[in-house]
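Peer 1: I'm passing along coords-v1.pdb; it holds PDB, C-alpha atoms.
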ATOM      1  CA  MET A 256     -19.764 -72.324 -67.895
ATOM      2  CA  THR A 257     -20.878 -74.943 -70.410
ATOM      3  CA  GLN A 258     -21.626 -78.466 -69.286
ATOM      4  CA  LYS A 259     -21.203 -81.359 -71.639
ATOM      5  CA  SER A 260     -23.798 -84.061 -71.754
ATOM      6  CA  PRO A 261     -22.343 -87.462 -70.752
ATOM      7  CA  GLU A 262     -23.980 -88.980 -73.840
ATOM      8  CA  LEU A 263     -21.964 -86.650 -76.065
ATOM      9  CA  THR A 264     -18.610 -87.203 -74.385
ATOM     10  CA  THR A 265     -18.893 -90.984 -74.482
ATOM     11  CA  GLY A 266     -17.358 -92.108 -77.738
ATOM     12  CA  ILE A 267     -19.574 -94.183 -79.948
ATOM     13  CA  ARG A 268     -17.482 -96.419 -82.117
ATOM     14  CA  HIS A 269     -18.981 -98.100 -85.151
ATOM     15  CA  PHE A 270     -17.962-100.243 -88.098
ATOM     16  CA  SER A 271     -20.141-101.355 -91.005
ATOM     17  CA  ILE A 272     -19.429-103.424 -94.093
ATOM     18  CA  GLN A 273     -21.490-105.069 -96.790
ATOM     19  CA  LEU A 274     -20.341-108.496 -97.960
ATOM     20  CA  SER A 275     -21.361-111.237-100.363
ATOM     21  CA  PRO A 276     -23.461-114.007 -98.786
ATOM     22  CA  THR A 277     -20.838-116.672 -99.376
ATOM     23  CA  PRO A 278     -18.438-118.598 -97.160
ATOM     24  CA  ARG A 279     -15.745-116.156 -98.313
ATOM     25  CA  GLY A 280     -17.940-113.188 -97.306
ATOM     26  CA  ALA A 281     -18.552-114.723 -93.877
ATOM     27  CA  ARG A 282     -14.822-115.346 -93.415
ATOM     28  CA  LEU A 283     -14.034-111.776 -94.455
ATOM     29  CA  ALA A 284     -16.620-110.481 -91.964
ATOM     30  CA  ARG A 285     -14.857-112.332 -89.151
ATOM     31  CA  LEU A 286     -11.374-111.205 -90.229
ATOM     32  CA  LEU A 287     -12.276-107.542 -90.760
ATOM     33  CA  ALA A 288     -14.289-107.393 -87.536
ATOM     34  CA  THR A 289     -11.376-108.929 -85.623
ATOM     35  CA  GLU A 290      -9.076-106.195 -86.915
ATOM     36  CA  GLN A 291     -11.637-103.534 -86.014
ATOM     37  CA  LEU A 292     -12.017-104.878 -82.473
ATOM     38  CA  ARG A 293      -8.223-104.974 -82.164
ATOM     39  CA  SER A 294      -7.952-101.340 -83.341
ATOM     40  CA  TRP A 295     -10.504-100.331 -80.688
ATOM     41  CA  GLY A 296      -8.427-102.111 -78.042
ATOM     42  CA  LEU A 297     -11.214-104.570 -77.229
ATOM     43  CA  ARG A 298     -10.936-108.182 -76.188
ATOM     44  CA  LEU A 299     -11.382-110.380 -79.271
ATOM     45  CA  ASP A 300     -13.236-113.266 -77.688
ATOM     46  CA  PRO A 301     -16.071-114.082 -77.414
ATOM     47  CA  ALA A 302     -17.037-111.335 -79.912
ATOM     48  CA  ARG A 303     -15.230-112.893 -82.862
ATOM     49  CA  GLN A 304     -17.006-116.241 -82.323
ATOM     50  CA  VAL A 305     -20.399-114.495 -82.250
ATOM     51  CA  ILE A 306     -19.523-112.532 -85.399
ATOM     52  CA  ALA A 307     -18.353-115.716 -87.130
ATOM     53  CA  GLU A 308     -21.565-117.593 -86.292
ATOM     54  CA  LEU A 309     -23.947-114.789 -87.267
ATOM     55  CA  SER A 310     -22.043-114.117 -90.509
ATOM     56  CA  ALA A 311     -21.956-117.818 -91.402
ATOM     57  CA  ASN A 312     -25.711-118.034 -90.798
ATOM     58  CA  ALA A 313     -26.297-115.024 -93.064
ATOM     59  CA  ALA A 314     -24.183-116.616 -95.792
ATOM     60  CA  GLU A 315     -25.825-120.025 -95.502
ATOM     61  CA  HIS A 316     -29.432-119.443 -94.429
ATOM     62  CA  GLY A 317     -29.958-115.797 -95.391
ATOM     63  CA  ARG A 318     -28.564-116.065 -98.870
ATOM     64  CA  ILE A 319     -30.289-114.850-101.981
ATOM     65  CA  PRO A 320     -27.911-114.646-104.961
ATOM     66  CA  GLY A 321     -27.052-111.055-105.806
ATOM     67  CA  ARG A 322     -28.060-109.677-102.394
ATOM     68  CA  ASP A 323     -25.364-108.920 -99.841
ATOM     69  CA  PHE A 324     -25.459-109.116 -96.072
ATOM     70  CA  ARG A 325     -24.325-106.316 -93.778
ATOM     71  CA  LEU A 326     -22.237-106.535 -90.623
ATOM     72  CA  LEU A 327     -22.485-103.659 -88.176
ATOM     73  CA  LEU A 328     -20.509-103.321 -84.960
ATOM     74  CA  TYR A 329     -20.880-100.523 -82.519
ATOM     75  CA  VAL A 330     -19.830 -99.799 -78.997
ATOM     76  CA  VAL A 331     -21.793 -97.564 -76.668
ATOM     77  CA  ALA A 332     -20.525 -97.225 -73.101
ATOM     78  CA  ASP A 333     -19.662-100.790 -72.015
ATOM     79  CA  THR A 334     -21.685-102.699 -74.627
ATOM     80  CA  LEU A 335     -20.602-104.112 -77.974
ATOM     81  CA  ARG A 336     -23.549-104.657 -80.297
ATOM     82  CA  ILE A 337     -23.153-106.937 -83.295
ATOM     83  CA  GLU A 338     -25.776-106.818 -86.044
ATOM     84  CA  VAL A 339     -25.951-108.964 -89.162
ATOM     85  CA  THR A 340     -28.648-108.064 -91.685
ATOM     86  CA  ASP A 341     -29.577-110.416 -94.503
ATOM     87  CA  THR A 342     -32.326-110.578 -97.120
ATOM     88  CA  ARG A 343     -34.271-113.644 -96.000
ATOM     89  CA  ASP A 344     -36.961-112.370 -93.655
ATOM     90  CA  ASP A 345     -38.841-115.625 -94.276
ATOM     91  CA  ARG A 346     -36.161-117.589 -92.401
ATOM     92  CA  LEU A 347     -36.070-116.552 -88.748
ATOM     93  CA  PRO A 348     -33.307-118.083 -86.648
ATOM     94  CA  THR A 349     -34.291-120.458 -83.881
ATOM     95  CA  PRO A 350     -31.794-122.352 -81.749
ATOM     96  CA  GLN A 351     -32.330-126.100 -81.968
ATOM     97  CA  LEU A 352     -30.577-129.051 -80.480
ATOM     98  CA  PRO A 353     -28.666-130.613 -83.381
ATOM     99  CA  ASP A 354     -28.435-134.264 -84.183
ATOM    100  CA  PRO A 355     -25.413-135.562 -82.209
ATOM    101  CA  GLU A 356     -23.908-136.865 -85.458
ATOM    102  CA  SER A 357     -24.305-133.521 -87.269
ATOM    103  CA  GLU A 358     -21.257-131.348 -87.873
ATOM    104  CA  SER A 359     -23.323-128.143 -88.028
ATOM    105  CA  ALA A 360     -26.468-126.517 -86.584
ATOM    106  CA  ARG A 361     -24.838-125.361 -83.345
ATOM    107  CA  GLY A 362     -24.247-121.688 -84.239
ATOM    108  CA  LEU A 363     -27.199-120.143 -82.446
ATOM    109  CA  LEU A 364     -26.573-122.295 -79.388
ATOM    110  CA  LEU A 365     -23.059-120.806 -79.288
ATOM    111  CA  VAL A 366     -24.407-117.275 -79.758
ATOM    112  CA  ASP A 367     -26.900-117.882 -76.951
ATOM    113  CA  ALA A 368     -24.135-119.154 -74.662
ATOM    114  CA  LEU A 369     -21.591-116.420 -75.476
ATOM    115  CA  ALA A 370     -23.745-113.282 -75.798
ATOM    116  CA  ASP A 371     -25.395-111.455 -72.918
ATOM    117  CA  ARG A 372     -28.471-110.886 -75.094
ATOM    118  CA  TRP A 373     -29.476-111.616 -78.671
ATOM    119  CA  GLY A 374     -32.532-111.425 -80.857
ATOM    120  CA  VAL A 375     -34.033-110.723 -84.260
ATOM    121  CA  ILE A 376     -35.468-107.510 -85.682
ATOM    122  CA  PRO A 377     -37.741-108.012 -88.703
ATOM    123  CA  GLY A 378     -37.785-105.780 -91.768
ATOM    124  CA  PRO A 379     -38.059-103.741 -93.666
ATOM    125  CA  PRO A 380     -38.932-106.521 -96.129
ATOM    126  CA  PRO A 381     -37.174-108.561 -97.322
ATOM    127  CA  ARG A 382     -34.596-108.033 -94.554
ATOM    128  CA  LYS A 383     -34.074-109.180 -91.004
ATOM    129  CA  THR A 384     -31.340-108.302 -88.534
ATOM    130  CA  VAL A 385     -29.943-110.771 -86.044
ATOM    131  CA  TRP A 386     -28.205-108.954 -83.206
ATOM    132  CA  ALA A 387     -26.152-109.865 -80.161
ATOM    133  CA  GLU A 388     -24.803-107.763 -77.319
ATOM    134  CA  LEU A 389     -21.725-108.363 -75.206
ATOM    135  CA  THR A 390     -20.831-106.465 -72.068
ATOM    136  CA  LEU A 391     -17.220-105.310 -72.280
TER     137      LEU A 391
END
Give the structure from this file in structure tokens form.
Peer 2:
Amino acid sequence: MTQKSPELTTGIRHFSIQLSPTPRGARLARLLATEQLRSWGLRLDPARQVIAELSANAAEHGRIPGRDFRLLLYVVADTLRIEVTDTRDDRLPTPQLPDPESESARGLLLVDALADRWGVIPGPPPRKTVWAELTL
């Protein structure tokens, strides 16, 4: 009798796409990721807000012309991991309280509030990956 390892029978779902570091690329990341989550039968929120914020940050703060950013989603067991890799390892994200009059600078505060965990993985140069995990 052969026994299967539980790690092998648990489906690992993943999705990866490379996009231009532009507002259009960030919007496409959110739209394509939403469709992928829907096809996996997963709840869309708060994952799509986290994806939107991390992708927008990559397009705005991680942008170097001619270098794309990558969105990676994968599900293992009951955890959705979202990773956004850009090419600005010299700009590490730090949540800050925005000026009350400002219309931006709240993205990482939202990620911090919506995700169960998040962080940054440096390298290899010139890249960094900002990740967030959500329990399903």
Peer 1: Find the residues with any atom within 8 Å of (-17.7, -95.6, -82.8); use all atoms listed in the file and the coordinates as given in the file, and write the answer as a ChimeraX atom specification.
Peer 2: /A:266-270,329-331
Peer 1: From the options A:Leu326, A:Ile306, A:Leu347, A:Ile272, which residue's atoms come nearest to Arg285 (chain A), counting only C-alpha atoms?
Peer 2: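 That would be A:Ile306, the residue with the smallest distance to Arg285 (chain A).
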Peer 1: In Å, how far is it from CA of Thr349 (chain A) to CA of Gly362 (chain A)?
Peer 2: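 Rounded to one decimal, the two atoms are 10.1 Å apart.
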Peer 1: Which residues, written as a list in words, have at least one atom at most 12 Å from Pro379 (chain A), with all atoms listed in the file counted and residues fewer than 5 positions away on the same chain left out?
Peer 2: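 After dropping sequence-adjacent residues, the list is Thr340, Asp341, Thr342, Arg343, Asp344, Asp345 and Thr384 of chain A.
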Peer 1: Let me have the centre and edge lengths in Å, one decimal, of the box along x, y and z around every listed atom of region 309-318 of chain A with 6 Å of margin on each side, as AutoDock Vina command-line options.
Peer 2:
--center_x -26.0 --center_y -117.1 --center_z -93.1 --size_x 20.0 --size_y 17.9 --size_z 23.6
Peer 1: Report, in Å with one decimal, the straight-line distance from CA of Gln351 (chain A) to CA of Leu287 (chain A).
Peer 2: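 We find that CA of Gln351 (chain A) and CA of Leu287 (chain A) lie 28.7 Å from each other.
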Peer 1: Given the file shown, enumerate the residues that the PyMOL selection byres ((chain A and resi 301) around 10) captures and present them as a PyMOL selection string.
Peer 2: chain A and resi 298-300+302-306+365-366+368-370+389
Peer 1: Need to verify the contact set: Ala284 (chain A), 9 Å, only C-alpha atoms, exclusion of same-chain residues closer than 4 positions in sequence. Can you return it as a ChimeraX atom specification?
Peer 2: /A:272-274,279-280,288-289,306-307,310,325-326
Peer 1: Kindly indicate which residue among A:His316, A:Arg322, A:Arg361, A:Arg372 lies nearest to Thr334 (chain A), using all atoms listed in the file for the distances.
Peer 2: A:Arg372
Peer 1: Check the smallest atom-to-atom distance from each of A:Glu356, A:Glu388, A:Glu308, A:Asp371 to Leu328 (chain A) using all atoms listed in the file, then report the winner.
Peer 2: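 Nearest candidate to Leu328 (chain A) out of A:Glu356, A:Glu388, A:Glu308, A:Asp371: A:Glu388.
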Peer 1: For a test of reading the model, state the distance in Å between CA of Gln291 (chain A) and CA of Arg336 (chain A), rounded to one decimal.
Peer 2: 13.3 Å
Peer 1: Spell out the residues picked by the PyMOL selection byres ((chain A and resi 276) around 8) here, as a list of chain:residue names.
Peer 2: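 Taken over the shown coordinates, the PyMOL selection byres ((chain A and resi 276) around 8) returns A:Leu274, A:Ser275, A:Thr277, A:Pro278, A:Gly280, A:Ala281, A:Ala313, A:Ala314, A:Glu315, A:Gly317, A:Arg318, A:Ile319, A:Pro320, A:Arg322, A:Asp323, A:Phe324.
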Peer 1: Restrict the selected residues to C-alpha atoms and save them as a short mmCIF file (atom, residue, chain, number, x, y, z; two decimals), in the coordinates of the input.
Peer 2:
data_model
loop_
_atom_site.label_atom_id
_atom_site.label_comp_id
_atom_site.auth_asym_id
_atom_site.auth_seq_id
_atom_site.Cartn_x
_atom_site.Cartn_y
_atom_site.Cartn_z
CA LEU A 274 -20.34 -108.50 -97.96
CA SER A 275 -21.36 -111.24 -100.36
CA THR A 277 -20.84 -116.67 -99.38
CA PRO A 278 -18.44 -118.60 -97.16
CA GLY A 280 -17.94 -113.19 -97.31
CA ALA A 281 -18.55 -114.72 -93.88
CA ALA A 313 -26.30 -115.02 -93.06
CA ALA A 314 -24.18 -116.62 -95.79
CA GLU A 315 -25.82 -120.02 -95.50
CA GLY A 317 -29.96 -115.80 -95.39
CA ARG A 318 -28.56 -116.06 -98.87
CA ILE A 319 -30.29 -114.85 -101.98
CA PRO A 320 -27.91 -114.65 -104.96
CA ARG A 322 -28.06 -109.68 -102.39
CA ASP A 323 -25.36 -108.92 -99.84
CA PHE A 324 -25.46 -109.12 -96.07
#
Peer 1: In terms of the shortest atom-to-atom distance over all atoms listed in the file, which of A:Leu352, A:Leu364, A:Leu283, A:Leu297 is closest to Ala311 (chain A)?
Peer 2: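 The shortest atom-to-atom distance to Ala311 (chain A) comes from A:Leu283.
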Peer 1: Between A:Gly378, A:Pro355, A:Trp386, A:Asp367, single out the one closest to Glu338 (chain A), counting all atoms listed in the file.
Peer 2: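 For Glu338 (chain A), the nearest of the given residues is A:Trp386.
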Peer 1: Calculated over all atoms listed in the file, which of the candidates A:Pro380, A:Trp373, A:Glu290, A:Arg282 has the smallest distance to Ile337 (chain A)?
Peer 2: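 When distances to Ile337 (chain A) are compared using all atoms listed in the file, the smallest one comes from A:Trp373.
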